[in-house]
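J.: Please read through the structure below; I'll follow up with questions.
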Amino acid sequence: MVDIDKIEIAVADIAHGRVSGIREKDGAVSMIVDVAGLDPASRDALSEKIKSVAAAVAPDVPLRLLQTAERIVPKLIAVASGKGGVGKSTLSANLAVAMRRAGRAAGLVDADIYGPSQTRLLGLEGVKPEAEGKKMYPTPGAGGVPFLSMGQLAAPGQPIAWRGPMAGQALSQLVDAHWGDVREIVVDMPPGTGDIQLSMIQKHKPVGAVIVSTPQDLALMDATRAIGFFNQAQVPIIGLVENMAGYICPHCGEVSDPFGRGGAEAAAAELGIPFLGRIPLDISVRLASDAGEPPALGDGPVAGAFADIAKRVGNWLDDPKGGVR
Ligand SMILES: Nc1ncnc2c1ncn2[C@@H]1O[C@H](COP(=O)(O)OP(=O)(O)OP(=O)(O)O)[C@@H](O)[C@H]1O
């Protein structure tokens with residue numbers, strides 16, 4: 001097993017933020033080296049230095065360096081639901097955490113102007129991001145997820161009452177920030193199909209959308225509307241996640257289904273979109289989330305469920321034509 005964290009730490013010391021996307025595949029380690037602004041001799045010198053540092057940490061592991069001088073625009077993954085309260089924010093935060101845990105260079109934007117809640121979920125309440133003029137630097141939250149939120153643009157405790165262009169500008173400020181080595185940004189969308197959604201489609205088109213629903217018929221009907229919106233905007237649907245599926249009793253462990261069972265999977269099949277997985281209704285999800293410790297950072301079945309969903313989303317991002325695997 002290759003210790004990616006060890007390589008990442010060793011390389012970070014000498015790479016000055018130029019290395020990203022460190023990953024292991026089939027026993028080899030690959031990474032992206034941003035060589036923008038360096039002359040050819042300095043590029044080679046940096047690559048050699050990285051290789052020797054990585055080899056010192058992991059001597060027998062083949063290493064692949066991909067040099068790039070282009071500014072990399074992160075891919076956006078919209079997480080949406082038809083209605084509020086189905087766990088869209090919970091899924092977004094934990095998806096970003098699980099993607100990062102799997103070695104992906106993921107970040108998170110909270111674009112939910114109606115109730116930005118991610119600062120709490122990532123343990124960043126009251127933390128203001130640094131900025132250079134109007135351009136902000138994301139703050140690392142729980143699990144090391146770089147993060148920016150609509151809530152950070154508004155005065156504390158004030159409701160956000162932006163409409164049309166204002167909402168669009170706020171979204172741009174979050175998306176066009178100094179994302180550094182982040183390659184994929186999970187965007188927690190507001191529920192429904194309002195100004196933020198339109199601005200997203202027109203200015204910051206996501207590569208795909210993840211739809212969240214509870215197993216209930218009503219929530220599923222709303223989810224279908226969200227799916228219709230993205231279809232119309234020609235944003236591919238990565239898949240549907242069923243949240244609050246099967247209640248696990250904390251006392252006896254019995255599983256019951258307050259919102260029904262399997263509804264989202266059946267609906268996904270009917271709609272011809274992939275089913276990404278289900279997250280159980282579990283009090284530990286709420287307690288950990290409220291404490292700013294995303295459950296995806298844990299070791300139990302809930303963390304496993306988030307990891308499986310993150311893996312499927314990651315596979316899709318790497319090869320959208322290959323579908324969800
Ligand atoms: N699987 C789950 N098990 C237990 N509680 C959950 C689960 N998913 C979400 N919750 C809890 O349900 C509440 C609503 O979740 P969340 O804020 O993620 O929903 P949302 O769809 O983003 O809502 P809103 O549209 O209001 O932002 C939160 O208190 C959250 O901790």
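Quick note on naming: the chains in the structure tokens go A, B, ... in the order shown, residues restart at 1 in each chain, and ligands are numbered from 1 in order of appearance.
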Given a cut-off of 8 Å, what residues near ligand 1 show up using only C-alpha atoms and all ligand atoms, put as a ChimeraX atom specification?
T.: /A:81,83-92,112,114-117,188,190-191,212,243-245,247,279-290
J.: Could you write out that same residue set with C-alpha atoms as a compact mmCIF listing (two decimals), in the first residue's frame?
T.:
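Saved the output as again_1.txt:
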# COMPACT_ATOMS: atom_id res chain seq x y z
CA SER A 81 -32.59 18.68 -4.73
CA LYS A 83 -37.00 20.65 -2.11
CA GLY A 84 -35.27 21.70 1.09
CA GLY A 85 -34.47 19.56 4.09
CA VAL A 86 -33.69 16.32 2.25
CA GLY A 87 -30.00 16.41 3.21
CA LYS A 88 -28.48 18.17 0.23
CA SER A 89 -25.99 20.12 2.37
CA THR A 90 -25.09 17.02 4.36
CA LEU A 91 -24.44 15.08 1.16
CA SER A 92 -22.43 17.94 -0.43
CA ASP A 112 -27.35 27.93 -0.86
CA TYR A 114 -31.50 30.54 1.53
CA GLY A 115 -29.72 28.73 4.32
CA PRO A 116 -25.95 28.43 4.02
CA SER A 117 -25.17 25.76 6.58
CA ASP A 188 -24.23 22.90 -2.66
CA PRO A 190 -30.11 26.21 -3.19
CA PRO A 191 -33.25 24.08 -3.48
CA VAL A 212 -30.49 14.14 -3.63
CA ASN A 243 -30.82 10.05 1.76
CA MET A 244 -32.58 9.14 5.00
CA ALA A 245 -33.16 5.62 3.76
CA TYR A 247 -33.79 4.29 10.08
CA ILE A 279 -27.37 7.06 3.15
CA PRO A 280 -29.27 5.69 6.16
CA LEU A 281 -31.31 7.90 8.45
CA ASP A 282 -29.00 7.77 11.43
CA ILE A 283 -28.90 10.07 14.44
CA SER A 284 -25.10 9.93 14.32
CA VAL A 285 -25.22 11.77 10.97
CA ARG A 286 -27.02 14.72 12.52
CA LEU A 287 -24.98 14.76 15.71
CA ALA A 288 -21.62 14.57 13.91
CA SER A 289 -22.75 17.18 11.35
CA ASP A 290 -23.89 19.60 14.06
J.: Looking only at the backbone, which of the residues in region 50-200 of chain A does DSSP tag as strand (DSSP E), as number ranges by chain?
T.: A: 63-68, 75-80, 106-110, 130-132, 135-137, 139-140, 146-149, 184-188
J.: Between CA of Gln216 (chain A) and CA of Asp195 (chain A), measure the distance and give it in Å to one decimal.
T.: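 Between CA of Gln216 (chain A) and CA of Asp195 (chain A) the gap is 26.7 Å.
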J.: Here is a test: counting only C-alpha atoms, which residue of A:Ala267, A:Leu240, A:Leu148, A:Val57 is nearest to Asp110 (chain A)?
T.: A:Leu148
J.: Restricting the calculation to only C-alpha atoms: of A:Gly164, A:Ala105, A:Thr214, A:Val53, which residue gets closest to Arg261 (chain A)?
T.: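 Selected residue with least distance to Arg261 (chain A): A:Thr214.
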